[in-house]
Structures are given as C-alpha cells and as structure tokens.
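Enquirer: Just one file: my_file.pdb, with PDB, C-alpha atoms and all ligand atoms.
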```
ATOM      1  CA  MET A   1      18.330 -13.840   9.861  1.00  0.00           C
ATOM      2  CA  THR A   2      19.343 -10.212   9.251  1.00  0.00           C
ATOM      3  CA  HIS A   3      22.063  -9.757   6.637  1.00  0.00           C
ATOM      4  CA  LEU A   4      24.706  -7.331   7.947  1.00  0.00           C
ATOM      5  CA  THR A   5      27.416  -5.788   5.787  1.00  0.00           C
ATOM      6  CA  THR A   6      30.017  -3.426   7.199  1.00  0.00           C
ATOM      7  CA  CYS A   7      32.056  -0.959   5.146  1.00  0.00           C
ATOM      8  CA  VAL A   8      35.066   1.121   6.048  1.00  0.00           C
ATOM      9  CA  ASP A   9      33.340   4.507   5.824  1.00  0.00           C
ATOM     10  CA  ALA A  10      30.113   6.355   4.857  1.00  0.00           C
ATOM     11  CA  GLU A  11      31.144   6.736   1.224  1.00  0.00           C
ATOM     12  CA  SER A  12      31.641   2.978   0.941  1.00  0.00           C
ATOM     13  CA  VAL A  13      28.211   2.441   2.506  1.00  0.00           C
ATOM     14  CA  ALA A  14      26.676   4.700  -0.149  1.00  0.00           C
ATOM     15  CA  THR A  15      28.497   2.906  -2.967  1.00  0.00           C
ATOM     16  CA  ARG A  16      27.500  -0.532  -1.671  1.00  0.00           C
ATOM     17  CA  ALA A  17      23.912   0.479  -0.958  1.00  0.00           C
ATOM     18  CA  ALA A  18      23.409   2.101  -4.376  1.00  0.00           C
ATOM     19  CA  ALA A  19      24.702  -1.003  -6.129  1.00  0.00           C
ATOM     20  CA  GLU A  20      22.531  -3.295  -3.987  1.00  0.00           C
ATOM     21  CA  ILE A  21      19.399  -1.197  -4.561  1.00  0.00           C
ATOM     22  CA  ALA A  22      20.025  -1.065  -8.331  1.00  0.00           C
ATOM     23  CA  ARG A  23      20.603  -4.815  -8.484  1.00  0.00           C
ATOM     24  CA  TYR A  24      17.424  -5.553  -6.552  1.00  0.00           C
ATOM     25  CA  LEU A  25      15.284  -3.089  -8.524  1.00  0.00           C
ATOM     26  CA  GLU A  26      16.374  -4.712 -11.759  1.00  0.00           C
ATOM     27  CA  ALA A  27      15.742  -8.219 -10.392  1.00  0.00           C
ATOM     28  CA  VAL A  28      12.182  -7.335  -9.359  1.00  0.00           C
ATOM     29  CA  ARG A  29      11.519  -5.446 -12.591  1.00  0.00           C
ATOM     30  CA  THR A  30      12.656  -8.427 -14.640  1.00  0.00           C
ATOM     31  CA  GLU A  31      10.373 -10.709 -12.654  1.00  0.00           C
ATOM     32  CA  ARG A  32       7.313  -8.489 -12.300  1.00  0.00           C
ATOM     33  CA  GLY A  33       7.649  -5.521 -14.631  1.00  0.00           C
ATOM     34  CA  VAL A  34       7.060  -2.977 -11.852  1.00  0.00           C
ATOM     35  CA  VAL A  35       8.916  -2.185  -8.614  1.00  0.00           C
ATOM     36  CA  HIS A  36       7.648  -0.323  -5.561  1.00  0.00           C
ATOM     37  CA  LEU A  37      10.539   1.432  -3.816  1.00  0.00           C
ATOM     38  CA  ALA A  38      10.092   3.491  -0.623  1.00  0.00           C
ATOM     39  CA  LEU A  39      12.675   6.031   0.508  1.00  0.00           C
ATOM     40  CA  SER A  40      13.510   7.570   3.877  1.00  0.00           C
ATOM     41  CA  GLY A  41      14.865  11.004   4.579  1.00  0.00           C
ATOM     42  CA  GLY A  42      17.437  12.364   6.982  1.00  0.00           C
ATOM     43  CA  THR A  43      21.103  12.743   6.106  1.00  0.00           C
ATOM     44  CA  THR A  44      22.328   9.154   5.784  1.00  0.00           C
ATOM     45  CA  PRO A  45      20.694   8.225   2.467  1.00  0.00           C
ATOM     46  CA  LYS A  46      21.683  11.437   0.629  1.00  0.00           C
ATOM     47  CA  ARG A  47      24.927  10.074  -0.802  1.00  0.00           C
ATOM     48  CA  THR A  48      23.323   6.708  -1.555  1.00  0.00           C
ATOM     49  CA  PHE A  49      20.623   8.468  -3.590  1.00  0.00           C
ATOM     50  CA  GLU A  50      23.265  10.454  -5.493  1.00  0.00           C
ATOM     51  CA  ARG A  51      25.159   7.264  -6.328  1.00  0.00           C
ATOM     52  CA  LEU A  52      21.931   5.427  -7.159  1.00  0.00           C
ATOM     53  CA  ALA A  53      21.010   8.097  -9.715  1.00  0.00           C
ATOM     54  CA  ALA A  54      24.115   7.061 -11.682  1.00  0.00           C
ATOM     55  CA  GLU A  55      23.327   3.316 -11.596  1.00  0.00           C
ATOM     56  CA  GLN A  56      21.876   1.499 -14.581  1.00  0.00           C
ATOM     57  CA  VAL A  57      18.208   1.200 -13.555  1.00  0.00           C
ATOM     58  CA  GLN A  58      15.155   1.196 -15.829  1.00  0.00           C
ATOM     59  CA  TRP A  59      13.391   3.877 -13.806  1.00  0.00           C
ATOM     60  CA  GLU A  60      10.268   3.797 -15.942  1.00  0.00           C
ATOM     61  CA  ALA A  61       9.345   0.574 -14.095  1.00  0.00           C
ATOM     62  CA  VAL A  62       9.911   2.010 -10.611  1.00  0.00           C
ATOM     63  CA  GLU A  63       7.164   3.530  -8.439  1.00  0.00           C
ATOM     64  CA  VAL A  64       8.784   5.723  -5.768  1.00  0.00           C
ATOM     65  CA  TRP A  65       7.137   5.969  -2.335  1.00  0.00           C
ATOM     66  CA  PHE A  66       8.251   7.391   0.992  1.00  0.00           C
ATOM     67  CA  ALA A  67       8.646   5.709   4.381  1.00  0.00           C
ATOM     68  CA  ASP A  68       7.948   8.985   6.132  1.00  0.00           C
ATOM     69  CA  GLU A  69       7.752  12.720   5.585  1.00  0.00           C
ATOM     70  CA  ARG A  70       7.859  15.825   7.660  1.00  0.00           C
ATOM     71  CA  CYS A  71       4.729  18.011   7.629  1.00  0.00           C
ATOM     72  CA  VAL A  72       6.366  20.786   5.648  1.00  0.00           C
ATOM     73  CA  ALA A  73       6.010  22.090   2.090  1.00  0.00           C
ATOM     74  CA  PRO A  74       7.692  19.959  -0.600  1.00  0.00           C
ATOM     75  CA  GLU A  75      10.231  22.687  -1.294  1.00  0.00           C
ATOM     76  CA  ASP A  76      11.124  23.070   2.398  1.00  0.00           C
ATOM     77  CA  ALA A  77      14.737  22.243   3.295  1.00  0.00           C
ATOM     78  CA  GLU A  78      13.347  19.724   5.819  1.00  0.00           C
ATOM     79  CA  SER A  79      11.321  17.835   3.226  1.00  0.00           C
ATOM     80  CA  ASN A  80      12.286  14.199   2.596  1.00  0.00           C
ATOM     81  CA  TYR A  81      10.696  14.566  -0.831  1.00  0.00           C
ATOM     82  CA  ARG A  82      12.954  17.534  -1.622  1.00  0.00           C
ATOM     83  CA  LEU A  83      16.017  15.472  -0.602  1.00  0.00           C
ATOM     84  CA  ALA A  84      14.957  12.657  -2.942  1.00  0.00           C
ATOM     85  CA  ARG A  85      13.977  15.071  -5.736  1.00  0.00           C
ATOM     86  CA  GLU A  86      17.348  16.820  -5.695  1.00  0.00           C
ATOM     87  CA  THR A  87      19.577  13.735  -5.291  1.00  0.00           C
ATOM     88  CA  LEU A  88      17.703  10.999  -7.156  1.00  0.00           C
ATOM     89  CA  ILE A  89      14.378  11.838  -8.824  1.00  0.00           C
ATOM     90  CA  GLU A  90      15.612  14.673 -11.030  1.00  0.00           C
ATOM     91  CA  PRO A  91      19.160  13.382 -11.708  1.00  0.00           C
ATOM     92  CA  ALA A  92      17.799   9.933 -12.674  1.00  0.00           C
ATOM     93  CA  GLY A  93      15.002  11.467 -14.763  1.00  0.00           C
ATOM     94  CA  LEU A  94      12.294   9.635 -12.828  1.00  0.00           C
ATOM     95  CA  PRO A  95       8.913  10.449 -14.390  1.00  0.00           C
ATOM     96  CA  PRO A  96       6.924  12.598 -11.868  1.00  0.00           C
ATOM     97  CA  GLU A  97       3.808  10.454 -12.334  1.00  0.00           C
ATOM     98  CA  ARG A  98       5.697   7.559 -10.745  1.00  0.00           C
ATOM     99  CA  VAL A  99       6.696   9.510  -7.650  1.00  0.00           C
ATOM    100  CA  HIS A 100       4.145   9.284  -4.818  1.00  0.00           C
ATOM    101  CA  ARG A 101       4.863  12.139  -2.448  1.00  0.00           C
ATOM    102  CA  MET A 102       3.483  12.198   1.084  1.00  0.00           C
ATOM    103  CA  GLU A 103       1.560  15.481   1.235  1.00  0.00           C
ATOM    104  CA  GLY A 104       3.101  16.745   4.447  1.00  0.00           C
ATOM    105  CA  GLU A 105       1.690  20.200   3.831  1.00  0.00           C
ATOM    106  CA  LEU A 106      -1.813  18.816   4.506  1.00  0.00           C
ATOM    107  CA  GLY A 107      -0.851  17.954   8.093  1.00  0.00           C
ATOM    108  CA  PRO A 108      -0.398  14.572   9.799  1.00  0.00           C
ATOM    109  CA  GLU A 109      -3.924  13.152   9.710  1.00  0.00           C
ATOM    110  CA  GLU A 110      -5.100  14.247   6.245  1.00  0.00           C
ATOM    111  CA  GLY A 111      -1.684  13.553   4.738  1.00  0.00           C
ATOM    112  CA  ALA A 112      -1.644  10.043   6.215  1.00  0.00           C
ATOM    113  CA  ARG A 113      -5.212   9.353   5.083  1.00  0.00           C
ATOM    114  CA  ASN A 114      -4.445  10.398   1.519  1.00  0.00           C
ATOM    115  CA  TYR A 115      -1.256   8.324   1.433  1.00  0.00           C
ATOM    116  CA  ALA A 116      -2.987   5.215   2.704  1.00  0.00           C
ATOM    117  CA  GLN A 117      -5.486   5.593  -0.143  1.00  0.00           C
ATOM    118  CA  ALA A 118      -2.696   6.001  -2.707  1.00  0.00           C
ATOM    119  CA  LEU A 119      -0.872   2.921  -1.410  1.00  0.00           C
ATOM    120  CA  GLY A 120      -4.072   0.893  -1.524  1.00  0.00           C
ATOM    121  CA  LYS A 121      -4.787   2.075  -5.056  1.00  0.00           C
ATOM    122  CA  HIS A 122      -1.356   1.615  -6.660  1.00  0.00           C
ATOM    123  CA  VAL A 123       0.276  -1.338  -4.858  1.00  0.00           C
ATOM    124  CA  ALA A 124      -1.387  -4.532  -6.061  1.00  0.00           C
ATOM    125  CA  THR A 125       0.426  -7.156  -3.992  1.00  0.00           C
ATOM    126  CA  ARG A 126      -1.108  -7.763  -0.586  1.00  0.00           C
ATOM    127  CA  ASP A 127      -0.026  -9.600   2.532  1.00  0.00           C
ATOM    128  CA  ARG A 128      -2.638  -9.829   5.269  1.00  0.00           C
ATOM    129  CA  GLY A 129      -4.490  -7.040   3.482  1.00  0.00           C
ATOM    130  CA  LEU A 130      -1.482  -4.703   3.551  1.00  0.00           C
ATOM    131  CA  PRO A 131       0.276  -3.401   0.393  1.00  0.00           C
ATOM    132  CA  VAL A 132       3.643  -5.107  -0.148  1.00  0.00           C
ATOM    133  CA  LEU A 133       6.413  -2.702  -1.081  1.00  0.00           C
ATOM    134  CA  ASP A 134       9.329  -4.388  -2.801  1.00  0.00           C
ATOM    135  CA  LEU A 135      12.080  -2.439  -1.070  1.00  0.00           C
ATOM    136  CA  VAL A 136      12.071   0.123   1.752  1.00  0.00           C
ATOM    137  CA  VAL A 137      15.260   2.117   2.287  1.00  0.00           C
ATOM    138  CA  LEU A 138      15.544   3.119   5.947  1.00  0.00           C
ATOM    139  CA  GLY A 139      17.873   5.084   8.141  1.00  0.00           C
ATOM    140  CA  ILE A 140      17.989   4.629  11.901  1.00  0.00           C
ATOM    141  CA  GLY A 141      18.014   7.199  14.665  1.00  0.00           C
ATOM    142  CA  PRO A 142      20.370   7.034  17.655  1.00  0.00           C
ATOM    143  CA  ASP A 143      17.244   6.005  19.629  1.00  0.00           C
ATOM    144  CA  GLY A 144      16.528   3.135  17.235  1.00  0.00           C
ATOM    145  CA  HIS A 145      13.640   4.784  15.400  1.00  0.00           C
ATOM    146  CA  VAL A 146      12.960   4.021  11.756  1.00  0.00           C
ATOM    147  CA  ALA A 147      10.766   6.122   9.457  1.00  0.00           C
ATOM    148  CA  SER A 148       8.859   8.227  11.997  1.00  0.00           C
ATOM    149  CA  LEU A 149       8.191   5.305  14.340  1.00  0.00           C
ATOM    150  CA  PHE A 150       9.732   6.365  17.630  1.00  0.00           C
ATOM    151  CA  PRO A 151      10.477   4.416  20.826  1.00  0.00           C
ATOM    152  CA  GLY A 152       7.373   3.642  22.847  1.00  0.00           C
ATOM    153  CA  ALA A 153       5.128   5.593  20.479  1.00  0.00           C
ATOM    154  CA  ALA A 154       1.445   4.745  20.109  1.00  0.00           C
ATOM    155  CA  THR A 155       2.082   4.409  16.358  1.00  0.00           C
ATOM    156  CA  LEU A 156       3.828   1.104  17.130  1.00  0.00           C
ATOM    157  CA  GLU A 157       0.501  -0.238  18.427  1.00  0.00           C
ATOM    158  CA  ALA A 158      -1.460   0.681  15.296  1.00  0.00           C
ATOM    159  CA  GLY A 159      -4.193  -1.665  14.167  1.00  0.00           C
ATOM    160  CA  GLU A 160      -3.137  -4.290  11.630  1.00  0.00           C
ATOM    161  CA  GLU A 161      -5.280  -2.623   8.969  1.00  0.00           C
ATOM    162  CA  GLU A 162      -3.448   0.730   9.279  1.00  0.00           C
ATOM    163  CA  LEU A 163      -1.098   1.688   6.427  1.00  0.00           C
ATOM    164  CA  CYS A 164      -0.004   5.199   7.252  1.00  0.00           C
ATOM    165  CA  LEU A 165      -0.268   7.356  10.377  1.00  0.00           C
ATOM    166  CA  GLY A 166       0.076  10.959  11.426  1.00  0.00           C
ATOM    167  CA  VAL A 167       2.603  11.902  14.105  1.00  0.00           C
ATOM    168  CA  ARG A 168       2.311  15.090  16.178  1.00  0.00           C
ATOM    169  CA  ASP A 169       4.953  14.501  18.839  1.00  0.00           C
ATOM    170  CA  SER A 170       8.090  13.469  17.031  1.00  0.00           C
ATOM    171  CA  PRO A 171      11.083  13.801  19.382  1.00  0.00           C
ATOM    172  CA  LYS A 172      13.106  14.465  16.247  1.00  0.00           C
ATOM    173  CA  PRO A 173      12.171  17.888  14.795  1.00  0.00           C
ATOM    174  CA  PRO A 174       9.914  18.750  13.152  1.00  0.00           C
ATOM    175  CA  PRO A 175       7.284  17.319  15.485  1.00  0.00           C
ATOM    176  CA  GLU A 176       4.555  16.752  12.873  1.00  0.00           C
ATOM    177  CA  ARG A 177       5.108  13.912  10.418  1.00  0.00           C
ATOM    178  CA  ILE A 178       3.519  11.189   8.322  1.00  0.00           C
ATOM    179  CA  THR A 179       4.851   7.629   8.584  1.00  0.00           C
ATOM    180  CA  LEU A 180       4.254   4.200   7.171  1.00  0.00           C
ATOM    181  CA  THR A 181       3.155   1.805   9.898  1.00  0.00           C
ATOM    182  CA  LEU A 182       5.250  -0.978  11.321  1.00  0.00           C
ATOM    183  CA  GLY A 183       2.760  -3.343   9.694  1.00  0.00           C
ATOM    184  CA  VAL A 184       3.587  -2.046   6.223  1.00  0.00           C
ATOM    185  CA  LEU A 185       7.325  -2.168   6.950  1.00  0.00           C
ATOM    186  CA  ARG A 186       6.979  -5.753   8.190  1.00  0.00           C
ATOM    187  CA  VAL A 187       5.155  -7.020   5.095  1.00  0.00           C
ATOM    188  CA  ALA A 188       7.624  -5.307   2.739  1.00  0.00           C
ATOM    189  CA  ALA A 189       9.572  -7.832   0.692  1.00  0.00           C
ATOM    190  CA  ARG A 190      12.854  -6.245   1.800  1.00  0.00           C
ATOM    191  CA  CYS A 191      14.080  -3.456   4.067  1.00  0.00           C
ATOM    192  CA  LEU A 192      17.553  -2.019   3.525  1.00  0.00           C
ATOM    193  CA  LEU A 193      18.732  -0.082   6.573  1.00  0.00           C
ATOM    194  CA  LEU A 194      21.706   2.273   6.304  1.00  0.00           C
ATOM    195  CA  ALA A 195      23.736   3.330   9.340  1.00  0.00           C
ATOM    196  CA  THR A 196      26.825   5.490   9.469  1.00  0.00           C
ATOM    197  CA  GLY A 197      28.695   7.140  12.310  1.00  0.00           C
ATOM    198  CA  ALA A 198      29.429   6.266  15.919  1.00  0.00           C
ATOM    199  CA  SER A 199      26.151   7.837  17.082  1.00  0.00           C
ATOM    200  CA  LYS A 200      24.285   4.901  15.506  1.00  0.00           C
ATOM    201  CA  ALA A 201      26.406   2.046  16.933  1.00  0.00           C
ATOM    202  CA  HIS A 202      24.257   1.471  20.024  1.00  0.00           C
ATOM    203  CA  ALA A 203      21.016   1.632  18.020  1.00  0.00           C
ATOM    204  CA  VAL A 204      22.330  -0.895  15.496  1.00  0.00           C
ATOM    205  CA  SER A 205      23.340  -3.264  18.291  1.00  0.00           C
ATOM    206  CA  ALA A 206      19.974  -2.792  20.030  1.00  0.00           C
ATOM    207  CA  MET A 207      18.179  -3.417  16.725  1.00  0.00           C
ATOM    208  CA  LEU A 208      19.836  -6.845  16.495  1.00  0.00           C
ATOM    209  CA  ALA A 209      19.057  -7.729  20.127  1.00  0.00           C
ATOM    210  CA  ASP A 210      15.655  -8.848  21.429  1.00  0.00           C
ATOM    211  CA  PRO A 211      12.637  -7.137  19.803  1.00  0.00           C
ATOM    212  CA  SER A 212      11.385  -4.221  21.881  1.00  0.00           C
ATOM    213  CA  ASN A 213       9.014  -1.273  21.467  1.00  0.00           C
ATOM    214  CA  HIS A 214      11.831   0.785  22.936  1.00  0.00           C
ATOM    215  CA  VAL A 215      13.832   0.091  19.751  1.00  0.00           C
ATOM    216  CA  PRO A 216      11.453   0.257  16.774  1.00  0.00           C
ATOM    217  CA  ALA A 217      14.155  -0.984  14.367  1.00  0.00           C
ATOM    218  CA  SER A 218      14.262  -4.236  16.382  1.00  0.00           C
ATOM    219  CA  LEU A 219      10.645  -4.900  15.340  1.00  0.00           C
ATOM    220  CA  LEU A 220      11.430  -5.125  11.611  1.00  0.00           C
ATOM    221  CA  ARG A 221      11.193  -8.574   9.984  1.00  0.00           C
ATOM    222  CA  ARG A 222      14.751  -9.780  10.519  1.00  0.00           C
ATOM    223  CA  GLU A 223      14.740 -12.324   7.719  1.00  0.00           C
ATOM    224  CA  ARG A 224      13.784  -9.529   5.284  1.00  0.00           C
ATOM    225  CA  LEU A 225      16.247  -6.975   6.646  1.00  0.00           C
ATOM    226  CA  THR A 226      19.631  -6.060   5.173  1.00  0.00           C
ATOM    227  CA  VAL A 227      21.843  -3.658   7.152  1.00  0.00           C
ATOM    228  CA  ILE A 228      24.746  -1.800   5.577  1.00  0.00           C
ATOM    229  CA  ALA A 229      26.794   0.020   8.200  1.00  0.00           C
ATOM    230  CA  ASP A 230      30.168   1.667   8.314  1.00  0.00           C
ATOM    231  CA  ASP A 231      32.715   0.491  10.876  1.00  0.00           C
ATOM    232  CA  ALA A 232      31.817   3.370  13.218  1.00  0.00           C
ATOM    233  CA  ALA A 233      28.162   2.265  13.354  1.00  0.00           C
ATOM    234  CA  ALA A 234      28.870  -1.464  13.332  1.00  0.00           C
ATOM    235  CA  PRO A 235      27.316  -3.459  16.181  1.00  0.00           C
ATOM    236  CA  THR A 236      29.142  -3.409  19.482  1.00  0.00           C
ATOM    237  CA  PRO A 237      28.547  -5.885  22.311  1.00  0.00           C
ATOM    238  CA  ILE A 238      25.510  -4.689  24.322  1.00  0.00           C
TER     239      ILE A 238
HETATM  240  C1  LIG B 301      13.377  11.325   8.928  1.00  0.00           C
HETATM  241  C2  LIG B 301      13.872   9.953   8.556  1.00  0.00           C
HETATM  242  C3  LIG B 301      14.364   9.257   9.787  1.00  0.00           C
HETATM  243  C4  LIG B 301      15.840   9.058   9.578  1.00  0.00           C
HETATM  244  C5  LIG B 301      16.580   8.781  10.859  1.00  0.00           C
HETATM  245  C6  LIG B 301      18.096   8.858  10.631  1.00  0.00           C
HETATM  246  O1  LIG B 301      12.377  11.777   8.354  1.00  0.00           O
HETATM  247  O2  LIG B 301      14.036  11.948   9.744  1.00  0.00           O
HETATM  248  O3  LIG B 301      13.080   9.229   7.769  1.00  0.00           O
HETATM  249  O4  LIG B 301      13.740   8.041  10.067  1.00  0.00           O
HETATM  250  O5  LIG B 301      16.027   7.963   8.674  1.00  0.00           O
HETATM  251  O6  LIG B 301      16.185   9.744  11.813  1.00  0.00           O
HETATM  252  O7  LIG B 301      18.374  10.184  10.245  1.00  0.00           O
HETATM  253  P1  LIG B 301      19.863  10.581   9.793  1.00  0.00           P
HETATM  254  O8  LIG B 301      20.135   9.768   8.552  1.00  0.00           O
HETATM  255  O9  LIG B 301      19.801  12.062   9.511  1.00  0.00           O
HETATM  256  O10 LIG B 301      20.782  10.212  10.930  1.00  0.00           O
END
```
Let me see the structure of the file written as structure tokens.
Expert:
Amino acid sequence: MTHLTTCVDAESVATRAAAEIARYLEAVRTERGVVHLALSGGTTPKRTFERLAAEQVQWEAVEVWFADERCVAPEDAESNYRLARETLIEPAGLPPERVHRMEGELGPEEGARNYAQALGKHVATRDRGLPVLDLVVLGIGPDGHVASLFPGAATLEAGEEELCLGVRDSPKPPPERITLTLGVLRVAARCLLLATGASKAHAVSAMLADPSNHVPASLLRRERLTVIADDAAAPTPI
C-alpha cells in the first residue's frame, strides 16, 4: 500500500521530505553501515535538498547515486548533478568519492553503460540480480513520468537484466538522457516521490490508479512507495 502524506504547501513538503530522508538514511546506516541514496533532478527536489543538507546525517556512510541525468556537461544549468552539487553535496560536505555522477557528457548509450557498471560494482545487495538502492528520491512529471521513464516509452519494456538506459527522445527537454530502469526502481527498498503544484494533481491520481505504461509512476512498487504532496498536487478523483 502506498503511503501518502499531504502538506499545505511546497515548503512544508520540502521540510517533511528532508526530515523523512534523514531519518531513513540514519536508520539504514545504523543497521548496515552504508546507505545507497539516489536523487532525481528537476525543480521539485531543490528545496528538499537544501533542507536535507542541514539535517543531522552521517554523510560519510552515504553513497549518492542519480535516478536520471540529462546528457549535458556537469556544470550545465540543466544538469541534475549540478542541482544536487549546489544544494546538497557541497553544503553537506559530502565526500566526492561517494558521489556517483551519471556521465551525461558521454551521451546516452556510453553514459548508461558506464553507470550500469558502477552500480554493479558498488551496490552489493541484489534482488533478482539487480542492485538494491536503499532510497530513491523521485519527482513526477505532469504526464506521470519518473526519472527519465516516459509514458509508452520502450525503456519501460527493458529486459530484466538492464540497470540503466540511454534515452534519445525525451519529450521533456533536453531529449538525450540517462535513466535507471523501472526494474532498478522496483527493487529499490524505498522510493520517495515528491509532488507539488496543481500541474501534478492528475499525475498523482493516475499514479495511484491501475498500473499502466501510460503512467510510469503507476508501475512503481506501491508497498515500497511513499508520496509527499502538497494540497495542490494531492490526488483528485479520476
Ligand atoms: C528530470 C527529472 C524528472 C523530474 C520530473 C519532475 O531529469 O527532469 O529527474 O524525472 O523529476 O520531470 O520535474 P519537476 O520537479 O521540475 O516538475
């Protein structure tokens, strides 16, 4: 069963999400000594990352990954890595050797191939042969996409052994991206999906309805999914 929390506004979502992420990171660290955290880009998580940087987390135990990346240079304004570097990695003093950047500058295929190798090398826990990330922070598009998995895309039909894929036809600019597969998102121990603003209300409702390739977020493992939404993005009757 998906756990849904609604907050009055975007700032409250960021505060609640930062606290929840920090709590979970510390719980996993205490249990296992290392935590694999994957971040998304876009605009929604920016404030959450800023608040998270101020939380009491033992960052030396956290390995930072990415759910997706645009095929741009790491210093490009469009880079998800740059967003995380500026709002979380640098302010929290995360050691660079624990930050696993998707090399978007290499292009979709080579970047995805390299990332799949890094995931396989550094993430020890497996489920059906796939690396198990402890927590994946996701946004959601108005069309119900998560990471760079878009409605009806061939990436949703990837083979079960695939970890990371290149995208060349993203409907959300820029067109070329690297994304974790649905398989990796579904074996993750937890996904935390953040949604703010009225433009996301339909997607959030569709995500909670019947699973469909037309709404990639609806294909996430519901019993491992936590949604934190503001009132504007809260589910409305379909
Ligand atoms: C990306 C993101 C993407 C994002 C959603 C929501 O690279 O664009 O990873 O999946 O989370 O598109 O984006 P906003 O938060 O900007 O609405």
Enquirer: Of the residues A:Ile21, A:Gly42, A:Ala54, A:Asp143, which is the one nearest to ligand LIG 301 (chain B), using all atoms listed in the file?
Expert: A:Gly42
Enquirer: Starting from the shown file, work through the PyMOL selection byres (((not hetatm)) within 9 of (chain B and resi 301)) and note down what comes out as a ChimeraX atom specification.
Expert: /A:39-46,66-70,78-80,137-150,172-174,177-179,193-197,199-200
Enquirer: Step by step, gather every atom of range 180-187 of chain A that the file lists, find the box along x, y and z that holds them, add 8 Å on each side, and finally give centre and edge lengths in Å to one decimal, as AutoDock Vina command-line options.
Expert:
```
--center_x 5.0 --center_y -1.4 --center_z 8.2 --size_x 20.6 --size_y 27.2 --size_z 22.2
```
Enquirer: Any idea what the distance is between CA of Thr2 in chain A and CA of Val227 in chain A?
Expert: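 Atom-to-atom, CA of Thr2 in chain A and CA of Val227 in chain A are spaced 7.3 Å apart.
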Enquirer: Neighbours of range 118-128 of chain A within 12 Å (all atoms listed in the file; same-chain residues fewer than 2 positions away dropped), as number ranges by chain?
Expert: A: 32, 34-38, 62-67, 97-103, 111-116, 130-134, 160-164, 180, 183-189
Enquirer: Include C-alpha atoms and write out the residues we just selected as a PDB file, in the coordinates of the input.
Expert:
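Result saved to out-v8.pdb:
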```
ATOM      1  CA  ARG A  32       7.313  -8.489 -12.300  1.00  0.00           C
ATOM      2  CA  VAL A  34       7.060  -2.977 -11.852  1.00  0.00           C
ATOM      3  CA  VAL A  35       8.916  -2.185  -8.614  1.00  0.00           C
ATOM      4  CA  HIS A  36       7.648  -0.323  -5.561  1.00  0.00           C
ATOM      5  CA  LEU A  37      10.539   1.432  -3.816  1.00  0.00           C
ATOM      6  CA  ALA A  38      10.092   3.491  -0.623  1.00  0.00           C
ATOM      7  CA  VAL A  62       9.911   2.010 -10.611  1.00  0.00           C
ATOM      8  CA  GLU A  63       7.164   3.530  -8.439  1.00  0.00           C
ATOM      9  CA  VAL A  64       8.784   5.723  -5.768  1.00  0.00           C
ATOM     10  CA  TRP A  65       7.137   5.969  -2.335  1.00  0.00           C
ATOM     11  CA  PHE A  66       8.251   7.391   0.992  1.00  0.00           C
ATOM     12  CA  ALA A  67       8.646   5.709   4.381  1.00  0.00           C
ATOM     13  CA  GLU A  97       3.808  10.454 -12.334  1.00  0.00           C
ATOM     14  CA  ARG A  98       5.697   7.559 -10.745  1.00  0.00           C
ATOM     15  CA  VAL A  99       6.696   9.510  -7.650  1.00  0.00           C
ATOM     16  CA  HIS A 100       4.145   9.284  -4.818  1.00  0.00           C
ATOM     17  CA  ARG A 101       4.863  12.139  -2.448  1.00  0.00           C
ATOM     18  CA  MET A 102       3.483  12.198   1.084  1.00  0.00           C
ATOM     19  CA  GLU A 103       1.560  15.481   1.235  1.00  0.00           C
ATOM     20  CA  GLY A 111      -1.684  13.553   4.738  1.00  0.00           C
ATOM     21  CA  ALA A 112      -1.644  10.043   6.215  1.00  0.00           C
ATOM     22  CA  ARG A 113      -5.212   9.353   5.083  1.00  0.00           C
ATOM     23  CA  ASN A 114      -4.445  10.398   1.519  1.00  0.00           C
ATOM     24  CA  TYR A 115      -1.256   8.324   1.433  1.00  0.00           C
ATOM     25  CA  ALA A 116      -2.987   5.215   2.704  1.00  0.00           C
ATOM     26  CA  LEU A 130      -1.482  -4.703   3.551  1.00  0.00           C
ATOM     27  CA  PRO A 131       0.276  -3.401   0.393  1.00  0.00           C
ATOM     28  CA  VAL A 132       3.643  -5.107  -0.148  1.00  0.00           C
ATOM     29  CA  LEU A 133       6.413  -2.702  -1.081  1.00  0.00           C
ATOM     30  CA  ASP A 134       9.329  -4.388  -2.801  1.00  0.00           C
ATOM     31  CA  GLU A 160      -3.137  -4.290  11.630  1.00  0.00           C
ATOM     32  CA  GLU A 161      -5.280  -2.623   8.969  1.00  0.00           C
ATOM     33  CA  GLU A 162      -3.448   0.730   9.279  1.00  0.00           C
ATOM     34  CA  LEU A 163      -1.098   1.688   6.427  1.00  0.00           C
ATOM     35  CA  CYS A 164      -0.004   5.199   7.252  1.00  0.00           C
ATOM     36  CA  LEU A 180       4.254   4.200   7.171  1.00  0.00           C
ATOM     37  CA  GLY A 183       2.760  -3.343   9.694  1.00  0.00           C
ATOM     38  CA  VAL A 184       3.587  -2.046   6.223  1.00  0.00           C
ATOM     39  CA  LEU A 185       7.325  -2.168   6.950  1.00  0.00           C
ATOM     40  CA  ARG A 186       6.979  -5.753   8.190  1.00  0.00           C
ATOM     41  CA  VAL A 187       5.155  -7.020   5.095  1.00  0.00           C
ATOM     42  CA  ALA A 188       7.624  -5.307   2.739  1.00  0.00           C
ATOM     43  CA  ALA A 189       9.572  -7.832   0.692  1.00  0.00           C
TER      44      ALA A 189
END
```
Enquirer: Pick the closest to Pro211 in chain A from A:Pro151, A:Ala18, A:Thr6, A:Tyr24: which is it, counting only C-alpha atoms?
Expert: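 Nearest to Pro211 in chain A: A:Pro151.
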Enquirer: A:Met1, A:Cys7, A:Leu165, A:Ala22: which is nearest Ile228 in chain A, counting all atoms listed in the file?
Expert: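 For Ile228 in chain A, the nearest of the candidates is A:Cys7.
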Enquirer: Can you pull out every residue within 9 Å of Gln58 in chain A, counting all atoms listed in the file, but drop anything in the same chain fewer than 2 positions away, and send it as a list of chain:residue names?
Expert: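 Selected residues are A:Leu25, A:Glu26, A:Arg29, A:Gln56, A:Glu60, A:Ala61, A:Val62.
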Enquirer: Can you tell me how far CA of Val28 in chain A sits from CA of Leu88 in chain A, in Å to one decimal?
Expert: 19.3 Å
Enquirer: Using all atoms listed in the file and a cutoff of 6 Å, can you tell me which residues are near (31.2, -2.5, 9.0) in the file's coordinates, and write them out as a PDB file with C-alpha atoms, in the coordinates of the input?
Expert:
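Below is the file part.pdb, written as the result:
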```
ATOM      1  CA  THR A   5      27.416  -5.788   5.787  1.00  0.00           C
ATOM      2  CA  THR A   6      30.017  -3.426   7.199  1.00  0.00           C
ATOM      3  CA  CYS A   7      32.056  -0.959   5.146  1.00  0.00           C
ATOM      4  CA  ALA A 229      26.794   0.020   8.200  1.00  0.00           C
ATOM      5  CA  ASP A 230      30.168   1.667   8.314  1.00  0.00           C
ATOM      6  CA  ASP A 231      32.715   0.491  10.876  1.00  0.00           C
ATOM      7  CA  ALA A 234      28.870  -1.464  13.332  1.00  0.00           C
TER       8      ALA A 234
END
```
Enquirer: Provide the CA of Glu109 in chain A to CA of Cys191 in chain A distance in Å, to one decimal place.
Expert: 25.1 Å
Enquirer: Do you know which residues lie at most 9 Å from (21.5, 10.9, -2.3), with coordinates as in the file and only C-alpha atoms counted, and could you write them as a ChimeraX atom specification?
Expert: /A:14,43-53,83-84,86-88
